[in-house]
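Participant: You'll find query_39.tsv just under this line, and it carries TSV, C-alpha atoms and all ligand atoms.
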chain	number	residue	atom	x	y	z
Z	1	ILE	CA	0.00	0.00	0.00
Z	2	LYS	CA	1.22	3.49	-0.91
Z	3	PHE	CA	-0.36	6.46	0.86
Z	4	ILE	CA	0.20	9.61	-1.21
Z	5	TYR	CA	-0.09	13.15	0.16
Z	6	LEU	CA	2.01	16.24	0.91
Z	7	ASP	CA	4.40	16.29	3.87
Z	8	THR	CA	1.87	17.73	6.31
Z	9	PRO	CA	-0.26	16.32	9.13
Z	10	PHE	CA	-3.51	17.47	7.49
Z	11	TRP	CA	-6.60	15.48	8.55
Z	12	ARG	CA	-7.35	14.18	5.05
Z	13	ALA	CA	-4.12	12.22	5.14
Z	14	GLU	CA	-3.59	11.59	8.84
Z	15	VAL	CA	-6.81	9.59	9.20
Z	16	GLY	CA	-5.61	6.95	6.78
Z	17	ARG	CA	-1.93	7.05	7.69
Z	18	LEU	CA	-2.65	6.78	11.40
Z	19	ALA	CA	-5.25	4.06	10.99
Z	20	LEU	CA	-2.71	1.96	9.08
Z	21	PHE	CA	-0.03	2.70	11.68
Z	22	ILE	CA	-2.30	1.87	14.64
Z	23	GLY	CA	-3.39	-1.34	12.93
Z	24	GLY	CA	0.21	-2.36	12.27
Z	25	ILE	CA	-0.43	-2.48	8.50
Z	26	GLU	CA	2.73	-1.91	6.50
Z	27	PHE	CA	2.51	0.95	4.04
Z	28	GLN	CA	4.70	3.37	2.14
Z	29	ASP	CA	4.19	6.89	3.48
Z	30	VAL	CA	4.73	8.75	0.20
Z	31	ARG	CA	5.06	12.51	0.74
Z	32	ILE	CA	5.24	14.39	-2.53
Z	33	THR	CA	6.37	17.98	-3.00
Z	34	ARG	CA	3.95	20.75	-3.90
Z	35	ASP	CA	5.62	20.93	-7.33
Z	36	GLU	CA	5.02	17.25	-8.02
Z	37	PHE	CA	1.42	17.67	-6.86
Z	38	LEU	CA	0.93	20.58	-9.28
Z	39	ARG	CA	2.44	18.50	-12.10
Z	40	SER	CA	0.11	15.60	-11.25
Z	41	ARG	CA	-2.88	17.93	-11.45
Z	42	LYS	CA	-2.02	18.46	-15.11
Z	43	THR	CA	-0.99	14.94	-16.06
Z	44	GLY	CA	-3.06	12.79	-13.68
Z	45	LYS	CA	0.14	10.98	-12.71
Z	46	LEU	CA	3.00	11.25	-10.23
Z	47	ASP	CA	6.50	11.49	-11.66
Z	48	ASP	CA	6.91	7.71	-11.17
Z	49	GLY	CA	3.77	7.09	-13.25
Z	50	THR	CA	1.38	6.35	-10.34
Z	51	ILE	CA	-2.13	7.32	-11.48
Z	52	ILE	CA	-4.02	10.04	-9.55
Z	53	PRO	CA	-7.56	9.46	-10.86
Z	54	PHE	CA	-9.23	12.76	-9.91
Z	55	ARG	CA	-6.01	14.81	-9.81
Z	56	GLN	CA	-6.54	15.23	-6.08
Z	57	ILE	CA	-4.82	14.06	-2.94
Z	58	PRO	CA	-4.90	12.06	-0.74
Z	59	CYS	CA	-4.52	9.11	-3.06
Z	60	LEU	CA	-4.08	5.50	-2.04
Z	61	ASN	CA	-2.43	2.94	-4.26
Z	62	VAL	CA	-3.20	-0.67	-3.39
Z	63	ASP	CA	-1.30	-3.28	-5.40
Z	64	GLY	CA	-1.18	-0.91	-8.36
Z	65	THR	CA	-4.78	0.33	-8.12
Z	66	SER	CA	-5.14	4.03	-7.34
Z	67	ILE	CA	-8.03	5.33	-5.22
Z	68	ASN	CA	-9.02	8.97	-4.56
Z	69	GLN	CA	-11.41	10.62	-2.08
Z	70	THR	CA	-10.65	11.10	1.60
Z	71	ALA	CA	-13.77	9.43	3.00
Z	72	GLY	CA	-13.43	6.21	1.02
Z	73	ILE	CA	-9.68	6.02	1.66
Z	74	SER	CA	-10.28	6.58	5.39
Z	75	ARG	CA	-12.87	3.80	5.52
Z	76	PHE	CA	-10.60	1.41	3.61
Z	77	CYS	CA	-7.69	2.06	5.99
Z	78	GLY	CA	-10.07	1.87	8.96
Z	79	LYS	CA	-11.39	-1.52	7.84
Z	80	LEU	CA	-7.89	-2.94	7.51
Z	81	SER	CA	-6.89	-1.68	10.94
Z	82	GLY	CA	-9.97	-2.34	13.09
Z	83	LEU	CA	-10.85	1.35	13.38
Z	84	TYR	CA	-14.01	1.04	11.24
Z	85	PRO	CA	-16.59	-1.74	11.67
Z	86	LEU	CA	-16.80	-4.49	9.07
Z	87	LYS	CA	-20.26	-5.68	10.09
Z	88	ASN	CA	-22.05	-3.10	12.25
Z	89	ALA	CA	-23.80	-0.99	9.60
Z	90	ILE	CA	-25.23	1.53	12.04
Z	91	ASN	CA	-21.88	2.27	13.67
Z	92	ALA	CA	-20.35	2.49	10.20
Z	93	ALA	CA	-22.93	5.12	9.22
Z	94	LEU	CA	-22.37	6.99	12.48
Z	95	ILE	CA	-18.67	7.16	11.66
Z	96	ASP	CA	-19.43	8.19	8.08
Z	97	GLN	CA	-21.50	11.15	9.25
Z	98	ILE	CA	-18.52	12.44	11.24
Z	99	ILE	CA	-16.06	12.03	8.37
Z	100	ASP	CA	-18.47	13.84	6.04
Z	101	MET	CA	-18.91	16.58	8.64
Z	102	ALA	CA	-15.13	16.99	8.72
Z	103	THR	CA	-15.32	17.47	4.94
Z	104	ASP	CA	-18.15	20.01	5.29
Z	105	ILE	CA	-16.17	22.00	7.85
Z	106	ASN	CA	-13.05	21.83	5.69
Z	107	VAL	CA	-15.01	23.00	2.65
Z	108	LEU	CA	-16.31	26.02	4.64
Z	109	LEU	CA	-12.72	27.25	4.80
Z	110	GLY	CA	-12.16	26.79	1.07
Z	111	PRO	CA	-13.10	30.26	-0.23
Z	112	SER	CA	-11.02	32.10	2.36
Z	113	LEU	CA	-8.05	29.81	1.72
Z	114	ARG	CA	-8.17	30.85	-1.92
Z	115	GLU	CA	-8.81	34.55	-1.21
Z	116	ARG	CA	-5.80	36.75	-2.02
Z	117	ASN	CA	-7.07	40.05	-0.60
Z	118	GLU	CA	-6.07	40.17	3.07
Z	119	GLU	CA	-9.00	42.34	4.21
Z	120	ASN	CA	-11.52	40.08	2.47
Z	121	LYS	CA	-9.84	37.05	3.98
Z	122	ARG	CA	-10.05	38.57	7.44
Z	123	SER	CA	-13.72	39.40	7.16
Z	124	MET	CA	-14.59	35.96	5.71
Z	125	ARG	CA	-12.78	34.15	8.51
Z	126	LYS	CA	-14.16	36.38	11.27
Z	127	LYS	CA	-17.63	35.67	9.97
Z	128	LEU	CA	-17.00	31.92	9.90
Z	129	ALA	CA	-15.47	31.83	13.36
Z	130	CYS	CA	-18.61	33.21	14.99
Z	131	GLY	CA	-21.05	31.81	12.44
Z	132	LEU	CA	-21.32	28.58	10.49
Z	133	LEU	CA	-17.97	27.18	11.57
Z	134	ILE	CA	-18.67	27.39	15.28
Z	135	LYS	CA	-22.22	26.16	14.73
Z	136	LYS	CA	-21.07	22.99	13.01
Z	137	ILE	CA	-18.44	22.38	15.65
Z	138	SER	CA	-21.10	22.80	18.35
Z	139	TYR	CA	-23.18	20.03	16.70
Z	140	LEU	CA	-20.21	17.69	17.15
Z	141	GLU	CA	-20.03	18.71	20.82
Z	142	GLU	CA	-23.77	17.97	21.13
Z	143	LEU	CA	-23.25	14.42	19.87
Z	144	LEU	CA	-20.66	13.65	22.54
Z	145	GLU	CA	-22.56	15.47	25.26
Z	146	LYS	CA	-25.85	13.71	24.55
Z	147	GLU	CA	-24.22	10.33	25.11
Z	148	ASN	CA	-21.84	11.64	27.77
Z	149	GLU	CA	-19.13	9.99	25.69
Z	150	THR	CA	-15.40	10.27	25.23
Z	151	TRP	CA	-15.32	8.69	21.76
Z	152	PHE	CA	-17.70	9.48	18.91
Z	153	VAL	CA	-18.76	5.91	18.13
Z	154	SER	CA	-18.63	2.49	19.83
Z	155	LYS	CA	-16.85	3.61	23.02
Z	156	LYS	CA	-13.41	3.29	21.45
Z	157	ILE	CA	-11.18	5.18	19.07
Z	158	THR	CA	-12.26	5.05	15.42
Z	159	ILE	CA	-11.34	6.94	12.27
Z	160	ALA	CA	-14.02	9.50	13.26
Z	161	ASP	CA	-12.04	10.59	16.33
Z	162	ILE	CA	-8.80	10.80	14.35
Z	163	ALA	CA	-10.46	12.97	11.69
Z	164	ILE	CA	-11.90	15.46	14.18
Z	165	TRP	CA	-8.69	15.52	16.23
Z	166	ARG	CA	-6.63	16.60	13.21
Z	167	LEU	CA	-9.29	18.93	11.82
Z	168	LEU	CA	-9.64	20.79	15.14
Z	169	GLY	CA	-5.88	20.68	15.59
Z	170	TRP	CA	-5.47	22.40	12.25
Z	171	LEU	CA	-8.18	24.97	12.97
Z	172	THR	CA	-6.71	25.91	16.37
Z	173	SER	CA	-3.07	25.74	15.34
Z	174	GLY	CA	-2.79	29.48	14.71
Z	175	MET	CA	-1.76	28.73	11.13
Z	176	ILE	CA	-5.10	29.93	9.77
Z	177	ASP	CA	-5.03	33.67	10.33
Z	178	TYR	CA	-8.09	35.17	12.04
Z	179	ILE	CA	-9.37	31.80	13.24
Z	180	PRO	CA	-8.76	32.03	17.00
Z	181	THR	CA	-6.67	29.32	18.65
Z	182	THR	CA	-9.32	29.33	21.39
Z	183	LEU	CA	-12.01	28.19	18.94
Z	184	ILE	CA	-12.98	25.04	20.84
Z	185	GLU	CA	-12.48	26.46	24.33
Z	186	PRO	CA	-16.28	26.43	24.96
Z	187	PHE	CA	-16.56	22.70	24.19
Z	188	PRO	CA	-15.43	20.43	27.05
Z	189	TYR	CA	-16.41	17.16	25.37
Z	190	LEU	CA	-14.53	17.97	22.18
Z	191	LYS	CA	-11.52	19.01	24.23
Z	192	ARG	CA	-11.57	15.71	26.11
Z	193	ASN	CA	-11.96	13.79	22.84
Z	194	PHE	CA	-9.03	15.73	21.35
Z	195	LEU	CA	-6.76	15.00	24.31
Z	196	ASN	CA	-7.73	11.34	24.34
Z	197	VAL	CA	-6.72	10.94	20.71
Z	198	LYS	CA	-3.55	12.96	21.17
Z	199	THR	CA	-2.41	10.87	24.16
Z	200	HIS	CA	-3.44	7.51	22.68
Z	201	PRO	CA	-0.13	5.55	22.89
Z	202	LYS	CA	0.00	4.69	19.17
Z	203	VAL	CA	-0.96	8.24	18.15
Z	204	ALA	CA	1.73	9.68	20.42
Z	205	GLU	CA	4.24	7.18	19.02
Z	206	TRP	CA	3.32	8.17	15.45
Z	207	THR	CA	3.59	11.93	15.99
Z	208	LYS	CA	6.90	11.53	17.83
Z	209	LYS	CA	8.44	9.44	15.07
Z	210	THR	CA	6.96	11.40	12.16
Z	211	TYR	CA	7.00	15.09	13.07
Z	212	PRO	CA	9.41	17.55	14.69
Z	213	SER	CA	8.82	18.29	18.38
Z	214	ASP	CA	7.45	21.77	17.61
Z	215	TYR	CA	4.80	20.33	15.28
Z	216	ALA	CA	1.66	22.46	15.36
Z	217	ASP	CA	-0.87	19.93	16.62
Z	218	GLY	CA	-3.37	22.50	17.85
Z	219	ASN	CA	-3.79	24.61	20.93
Z	220	ILE	CA	-6.09	22.51	23.00
Z	221	ILE	CA	-5.28	21.87	26.64
W	1	LIG	N1	-13.06	15.43	-2.52
W	1	LIG	C1	-11.64	15.26	-2.27
W	1	LIG	C2	-11.02	16.60	-2.05
W	1	LIG	C3	-9.57	16.52	-1.68
W	1	LIG	C4	-8.88	17.84	-1.86
W	1	LIG	O1	-9.49	18.91	-1.95
W	1	LIG	N2	-7.55	17.77	-1.91
W	1	LIG	C5	-6.77	18.92	-2.28
W	1	LIG	C6	-5.44	18.90	-1.59
W	1	LIG	S1	-5.64	18.93	0.19
W	1	LIG	C7	-6.61	18.83	-3.77
W	1	LIG	O2	-6.20	17.81	-4.27
W	1	LIG	N3	-7.01	19.88	-4.49
W	1	LIG	C8	-6.96	19.89	-5.91
W	1	LIG	C9	-8.29	19.64	-6.54
W	1	LIG	O3	-9.29	19.46	-5.82
W	1	LIG	O4	-8.33	19.57	-7.77
W	1	LIG	C10	-11.41	14.34	-1.10
W	1	LIG	O5	-12.33	14.18	-0.29
W	1	LIG	O6	-10.33	13.75	-1.00
Kindly present the structure from the file in structure tokens form.

Facilitator:
Amino acid sequence: IKFIYLDTPFWRAEVGRLALFIGGIEFQDVRITRDEFLRSRKTGKLDDGTIIPFRQIPCLNVDGTSINQTAGISRFCGKLSGLYPLKNAINAALIDQIIDMATDINVLLGPSLRERNEENKRSMRKKLACGLLIKKISYLEELLEKENETWFVSKKITIADIAIWRLLGWLTSGMIDYIPTTLIEPFPYLKRNFLNVKTHPKVAEWTKKTYPSDYADGNII
């Protein structure tokens, strides 16, 4: 298995990479440069010829077959590693709704990530941070609070928890200007979920071996 993405701990890639790592599944952690990514967007291939079907990343290559789309890749890696149910359809759907919510939240940021005018960017992000973005995050808090739960589904870590951990880590990292690092301060359940993922022994082992010690994993304490 080859897992293809940029050299960053972005949620779209970390869900699959970490699931494989936690499950002890051997894989090649292929981290391409931005230049190679831009070339692949034109050609539909990496420099070594690996196909990128939708010219997007992450991309998984399994025995020569290339697969795009974060949610499907995450499920595939989760199934191999025991972090996504093989038989329990309801729990599977409950995990799916979280992964798709991570996508929705990510997509909310899209326009401001592409905006070049600093003032426009500031006003778009300020609006998000006290509008739709915080609303959607509060719905995630509601899910955990309603069940008085630490984990999103099935009382143990799944790909849903990993996705939200990295997404919130990214949002609160201070790397996205005008999105406050205190964004999830009002949400005790999400904070507990975040810290539980972060301190999970295999997650801690992965971040220690993969990233520098000053890696921006989010400002949640
Ligand atoms: N729907 C895709 C979107 C992935 C995506 O937006 N990836 C970015 C890099 S983080 C990308 O490849 N953008 C180029 C494009 O969408 O054409 C997924 O869920 O994986």

Participant: Within 10 Å of (-19.1, 24.4, 24.0), in the coordinates the file gives, what residues turn up when you count only C-alpha atoms, written out as a PyMOL selection string?

Facilitator: chain Z and resi 134-135+137-142+145+183-191

Participant: Looking at Z:Gly218, Z:Gly64, Z:Gly24, Z:Gly49, which one is nearest to Glu36 in chain Z, with distances taken over only C-alpha atoms?

Facilitator: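 For Glu36 in chain Z, the nearest of the given residues is Z:Gly49.
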
Participant: Pull the neighbourhood of (-4.9, -2.6, 9.9) for me: all residues within 12 Å in file coordinates, counting all atoms listed in the file, as a list in words.

Facilitator: Ile1, Gly16, Arg17, Leu18, Ala19, Leu20, Phe21, Ile22, Gly23, Gly24, Ile25, Glu26, Phe27, Ser74, Arg75, Phe76, Cys77, Gly78, Lys79, Leu80, Ser81, Gly82, Leu83, Tyr84, Pro85, Thr158 and Ile159 of chain Z

Participant: What's the separation between CA of Gln69 in chain Z and CA of Leu6 in chain Z, in Å to one decimal place?

Facilitator: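 Atom-to-atom, CA of Gln69 in chain Z and CA of Leu6 in chain Z are spaced 14.9 Å apart.
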
Participant: Identify, counting all atoms listed in the file, the protein, DNA and RNA residues located within 10 Å of ligand LIG 1 (chain W), and give them as a PyMOL selection string.

Facilitator: chain Z and resi 5-6+8+10-13+34+37-38+40-42+52+54-59+67-74+99-100+102-104+106-107+110

Participant: Just the selected residues (C-alpha atoms), exported as a PDB file, keeping the file's coordinate frame, please.

Facilitator:
ATOM      1  CA  TYR Z   5      -0.090  13.150   0.160  1.00  0.00           C
ATOM      2  CA  LEU Z   6       2.010  16.240   0.910  1.00  0.00           C
ATOM      3  CA  THR Z   8       1.870  17.730   6.310  1.00  0.00           C
ATOM      4  CA  PHE Z  10      -3.510  17.470   7.490  1.00  0.00           C
ATOM      5  CA  TRP Z  11      -6.600  15.480   8.550  1.00  0.00           C
ATOM      6  CA  ARG Z  12      -7.350  14.180   5.050  1.00  0.00           C
ATOM      7  CA  ALA Z  13      -4.120  12.220   5.140  1.00  0.00           C
ATOM      8  CA  ARG Z  34       3.950  20.750  -3.900  1.00  0.00           C
ATOM      9  CA  PHE Z  37       1.420  17.670  -6.860  1.00  0.00           C
ATOM     10  CA  LEU Z  38       0.930  20.580  -9.280  1.00  0.00           C
ATOM     11  CA  SER Z  40       0.110  15.600 -11.250  1.00  0.00           C
ATOM     12  CA  ARG Z  41      -2.880  17.930 -11.450  1.00  0.00           C
ATOM     13  CA  LYS Z  42      -2.020  18.460 -15.110  1.00  0.00           C
ATOM     14  CA  ILE Z  52      -4.020  10.040  -9.550  1.00  0.00           C
ATOM     15  CA  PHE Z  54      -9.230  12.760  -9.910  1.00  0.00           C
ATOM     16  CA  ARG Z  55      -6.010  14.810  -9.810  1.00  0.00           C
ATOM     17  CA  GLN Z  56      -6.540  15.230  -6.080  1.00  0.00           C
ATOM     18  CA  ILE Z  57      -4.820  14.060  -2.940  1.00  0.00           C
ATOM     19  CA  PRO Z  58      -4.900  12.060  -0.740  1.00  0.00           C
ATOM     20  CA  CYS Z  59      -4.520   9.110  -3.060  1.00  0.00           C
ATOM     21  CA  ILE Z  67      -8.030   5.330  -5.220  1.00  0.00           C
ATOM     22  CA  ASN Z  68      -9.020   8.970  -4.560  1.00  0.00           C
ATOM     23  CA  GLN Z  69     -11.410  10.620  -2.080  1.00  0.00           C
ATOM     24  CA  THR Z  70     -10.650  11.100   1.600  1.00  0.00           C
ATOM     25  CA  ALA Z  71     -13.770   9.430   3.000  1.00  0.00           C
ATOM     26  CA  GLY Z  72     -13.430   6.210   1.020  1.00  0.00           C
ATOM     27  CA  ILE Z  73      -9.680   6.020   1.660  1.00  0.00           C
ATOM     28  CA  SER Z  74     -10.280   6.580   5.390  1.00  0.00           C
ATOM     29  CA  ILE Z  99     -16.060  12.030   8.370  1.00  0.00           C
ATOM     30  CA  ASP Z 100     -18.470  13.840   6.040  1.00  0.00           C
ATOM     31  CA  ALA Z 102     -15.130  16.990   8.720  1.00  0.00           C
ATOM     32  CA  THR Z 103     -15.320  17.470   4.940  1.00  0.00           C
ATOM     33  CA  ASP Z 104     -18.150  20.010   5.290  1.00  0.00           C
ATOM     34  CA  ASN Z 106     -13.050  21.830   5.690  1.00  0.00           C
ATOM     35  CA  VAL Z 107     -15.010  23.000   2.650  1.00  0.00           C
ATOM     36  CA  GLY Z 110     -12.160  26.790   1.070  1.00  0.00           C
TER      37      GLY Z 110
END

Participant: If we count only C-alpha atoms, what is near range 174-180 of chain Z at a cut-off of 10 Å, once residues fewer than 5 positions away on the same chain are taken out, given as a PDB file with C-alpha atoms, in the frame of the given file?

Facilitator:
ATOM      1  CA  LEU Z 109     -12.720  27.250   4.800  1.00  0.00           C
ATOM      2  CA  SER Z 112     -11.020  32.100   2.360  1.00  0.00           C
ATOM      3  CA  LEU Z 113      -8.050  29.810   1.720  1.00  0.00           C
ATOM      4  CA  GLU Z 118      -6.070  40.170   3.070  1.00  0.00           C
ATOM      5  CA  LYS Z 121      -9.840  37.050   3.980  1.00  0.00           C
ATOM      6  CA  ARG Z 122     -10.050  38.570   7.440  1.00  0.00           C
ATOM      7  CA  SER Z 123     -13.720  39.400   7.160  1.00  0.00           C
ATOM      8  CA  MET Z 124     -14.590  35.960   5.710  1.00  0.00           C
ATOM      9  CA  ARG Z 125     -12.780  34.150   8.510  1.00  0.00           C
ATOM     10  CA  LYS Z 126     -14.160  36.380  11.270  1.00  0.00           C
ATOM     11  CA  LYS Z 127     -17.630  35.670   9.970  1.00  0.00           C
ATOM     12  CA  LEU Z 128     -17.000  31.920   9.900  1.00  0.00           C
ATOM     13  CA  ALA Z 129     -15.470  31.830  13.360  1.00  0.00           C
ATOM     14  CA  CYS Z 130     -18.610  33.210  14.990  1.00  0.00           C
ATOM     15  CA  LEU Z 133     -17.970  27.180  11.570  1.00  0.00           C
ATOM     16  CA  GLY Z 169      -5.880  20.680  15.590  1.00  0.00           C
ATOM     17  CA  GLU Z 185     -12.480  26.460  24.330  1.00  0.00           C
ATOM     18  CA  ALA Z 216       1.660  22.460  15.360  1.00  0.00           C
ATOM     19  CA  ASP Z 217      -0.870  19.930  16.620  1.00  0.00           C
ATOM     20  CA  GLY Z 218      -3.370  22.500  17.850  1.00  0.00           C
ATOM     21  CA  ASN Z 219      -3.790  24.610  20.930  1.00  0.00           C
TER      22      ASN Z 219
END

Participant: Please measure the separation of CA of Thr207 in chain Z and CA of Phe194 in chain Z, giving the value in Å to one decimal.

Facilitator: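 Separating CA of Thr207 in chain Z from CA of Phe194 in chain Z is a distance of 14.2 Å.
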
Participant: So how many Å separate CA of Thr50 in chain Z and CA of Ile4 in chain Z, to one decimal?

Facilitator: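 Taking CA of Thr50 in chain Z as the start and CA of Ile4 in chain Z as the end point, the length is 9.8 Å.
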
Participant: Nearest to Asn196 in chain Z: which of Z:Lys209, Z:Leu171, Z:Thr150, Z:Thr182 is it, counting only C-alpha atoms?

Facilitator: Z:Thr150

Participant: Just the residues within 9 Å of Ile98 in chain Z, please, counting all atoms listed in the file, with nothing from its chain fewer than 5 positions along; format it as a compact mmCIF listing (two decimals) with C-alpha atoms, in the coordinates of the input.

Facilitator:
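Resulting contents of selection-v3.txt:
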# COMPACT_ATOMS: atom_id res chain seq x y z
CA ALA Z 93 -22.93 5.12 9.22
CA THR Z 103 -15.32 17.47 4.94
CA LEU Z 140 -20.21 17.69 17.15
CA PHE Z 152 -17.70 9.48 18.91
CA ALA Z 160 -14.02 9.50 13.26
CA ASP Z 161 -12.04 10.59 16.33
CA ALA Z 163 -10.46 12.97 11.69
CA ILE Z 164 -11.90 15.46 14.18

Participant: Measuring between all atoms listed in the file, which one of Z:Tyr215, Z:Glu14, Z:Pro111, Z:Gln28 shows the shortest distance to Ser173 in chain Z?

Facilitator: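 Using all atoms listed in the file, the shortest distance to Ser173 in chain Z belongs to Z:Tyr215.
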
Participant: Step by step, gather every atom of range 26-45 of chain Z that the file lists, find the box along x, y and z that holds them, add 5 Å on each side, and finally give centre and edge lengths in Å to one decimal, as JSON.

Facilitator:
{"center_x": 1.7, "center_y": 9.5, "center_z": -4.8, "size_x": 19.4, "size_y": 32.8, "size_z": 32.6}

Participant: Counting all atoms listed in the file, figure out which residue out of Z:Ile32, Z:Leu195, Z:Ile157, Z:Leu167 gets nearest to Met101 in chain Z.

Facilitator: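 Result for the nearest residue to Met101 in chain Z: Z:Leu167.
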
Participant: Measuring atom to atom with only C-alpha atoms, identify which of Z:Lys136, Z:Arg166, Z:His200, Z:Lys2 is nearest to Ile105 in chain Z.

Facilitator: Z:Lys136

Participant: Would you mind completing range 135-142 of chain Z to all heavy atoms and writing the output as a PDB file, in the frame of the given file?

Facilitator:
ATOM      1  N   LYS Z 135     -20.959  26.891  14.644  1.00  0.00           N
ATOM      2  CA  LYS Z 135     -22.220  26.160  14.730  1.00  0.00           C
ATOM      3  C   LYS Z 135     -21.994  24.676  14.464  1.00  0.00           C
ATOM      4  O   LYS Z 135     -22.423  23.812  15.212  1.00  0.00           O
ATOM      5  CB  LYS Z 135     -23.187  26.717  13.678  1.00  0.00           C
ATOM      6  CG  LYS Z 135     -24.520  27.108  14.270  1.00  0.00           C
ATOM      7  CD  LYS Z 135     -25.457  27.511  13.187  1.00  0.00           C
ATOM      8  CE  LYS Z 135     -26.125  28.818  13.562  1.00  0.00           C
ATOM      9  NZ  LYS Z 135     -26.834  29.435  12.474  1.00  0.00           N
ATOM     10  N   LYS Z 136     -21.301  24.397  13.365  1.00  0.00           N
ATOM     11  CA  LYS Z 136     -21.070  22.990  13.010  1.00  0.00           C
ATOM     12  C   LYS Z 136     -20.237  22.282  14.068  1.00  0.00           C
ATOM     13  O   LYS Z 136     -20.505  21.123  14.407  1.00  0.00           O
ATOM     14  CB  LYS Z 136     -20.416  22.890  11.624  1.00  0.00           C
ATOM     15  CG  LYS Z 136     -21.390  23.246  10.508  1.00  0.00           C
ATOM     16  CD  LYS Z 136     -20.844  22.881   9.162  1.00  0.00           C
ATOM     17  CE  LYS Z 136     -21.718  23.384   8.025  1.00  0.00           C
ATOM     18  NZ  LYS Z 136     -23.003  22.675   7.915  1.00  0.00           N
ATOM     19  N   ILE Z 137     -19.249  22.984  14.599  1.00  0.00           N
ATOM     20  CA  ILE Z 137     -18.440  22.380  15.650  1.00  0.00           C
ATOM     21  C   ILE Z 137     -19.302  22.099  16.886  1.00  0.00           C
ATOM     22  O   ILE Z 137     -19.165  21.066  17.539  1.00  0.00           O
ATOM     23  CB  ILE Z 137     -17.224  23.283  15.994  1.00  0.00           C
ATOM     24  CG1 ILE Z 137     -16.267  23.315  14.791  1.00  0.00           C
ATOM     25  CG2 ILE Z 137     -16.509  22.801  17.241  1.00  0.00           C
ATOM     26  CD1 ILE Z 137     -15.113  24.286  14.919  1.00  0.00           C
ATOM     27  N   SER Z 138     -20.245  23.005  17.173  1.00  0.00           N
ATOM     28  CA  SER Z 138     -21.100  22.800  18.350  1.00  0.00           C
ATOM     29  C   SER Z 138     -22.022  21.578  18.165  1.00  0.00           C
ATOM     30  O   SER Z 138     -22.381  20.920  19.130  1.00  0.00           O
ATOM     31  CB  SER Z 138     -21.924  24.052  18.662  1.00  0.00           C
ATOM     32  OG  SER Z 138     -23.024  24.163  17.782  1.00  0.00           O
ATOM     33  N   TYR Z 139     -22.361  21.239  16.932  1.00  0.00           N
ATOM     34  CA  TYR Z 139     -23.180  20.030  16.700  1.00  0.00           C
ATOM     35  C   TYR Z 139     -22.375  18.778  17.043  1.00  0.00           C
ATOM     36  O   TYR Z 139     -22.925  17.786  17.522  1.00  0.00           O
ATOM     37  CB  TYR Z 139     -23.669  19.944  15.248  1.00  0.00           C
ATOM     38  CG  TYR Z 139     -24.500  21.128  14.796  1.00  0.00           C
ATOM     39  CD1 TYR Z 139     -24.511  21.524  13.457  1.00  0.00           C
ATOM     40  CD2 TYR Z 139     -25.284  21.839  15.699  1.00  0.00           C
ATOM     41  CE1 TYR Z 139     -25.262  22.603  13.036  1.00  0.00           C
ATOM     42  CE2 TYR Z 139     -26.028  22.928  15.283  1.00  0.00           C
ATOM     43  CZ  TYR Z 139     -26.019  23.308  13.939  1.00  0.00           C
ATOM     44  OH  TYR Z 139     -26.754  24.383  13.521  1.00  0.00           O
ATOM     45  N   LEU Z 140     -21.068  18.830  16.781  1.00  0.00           N
ATOM     46  CA  LEU Z 140     -20.210  17.690  17.150  1.00  0.00           C
ATOM     47  C   LEU Z 140     -20.155  17.566  18.675  1.00  0.00           C
ATOM     48  O   LEU Z 140     -20.224  16.466  19.229  1.00  0.00           O
ATOM     49  CB  LEU Z 140     -18.801  17.879  16.577  1.00  0.00           C
ATOM     50  CG  LEU Z 140     -18.671  17.770  15.055  1.00  0.00           C
ATOM     51  CD1 LEU Z 140     -17.286  18.224  14.604  1.00  0.00           C
ATOM     52  CD2 LEU Z 140     -18.938  16.339  14.588  1.00  0.00           C
ATOM     53  N   GLU Z 141     -20.031  18.714  19.345  1.00  0.00           N
ATOM     54  CA  GLU Z 141     -20.030  18.710  20.820  1.00  0.00           C
ATOM     55  C   GLU Z 141     -21.338  18.095  21.340  1.00  0.00           C
ATOM     56  O   GLU Z 141     -21.337  17.277  22.254  1.00  0.00           O
ATOM     57  CB  GLU Z 141     -19.879  20.146  21.341  1.00  0.00           C
ATOM     58  CG  GLU Z 141     -20.021  20.312  22.847  1.00  0.00           C
ATOM     59  CD  GLU Z 141     -18.751  19.954  23.637  1.00  0.00           C
ATOM     60  OE1 GLU Z 141     -17.775  19.537  23.003  1.00  0.00           O
ATOM     61  OE2 GLU Z 141     -18.774  20.060  24.864  1.00  0.00           O
ATOM     62  N   GLU Z 142     -22.459  18.492  20.715  1.00  0.00           N
ATOM     63  CA  GLU Z 142     -23.770  17.970  21.130  1.00  0.00           C
ATOM     64  C   GLU Z 142     -23.822  16.453  21.079  1.00  0.00           C
ATOM     65  O   GLU Z 142     -24.395  15.814  21.951  1.00  0.00           O
ATOM     66  CB  GLU Z 142     -24.843  18.503  20.173  1.00  0.00           C
ATOM     67  CG  GLU Z 142     -25.568  19.729  20.668  1.00  0.00           C
ATOM     68  CD  GLU Z 142     -26.559  20.232  19.604  1.00  0.00           C
ATOM     69  OE1 GLU Z 142     -27.170  19.401  18.883  1.00  0.00           O
ATOM     70  OE2 GLU Z 142     -26.685  21.439  19.501  1.00  0.00           O
TER      71      GLU Z 142
END
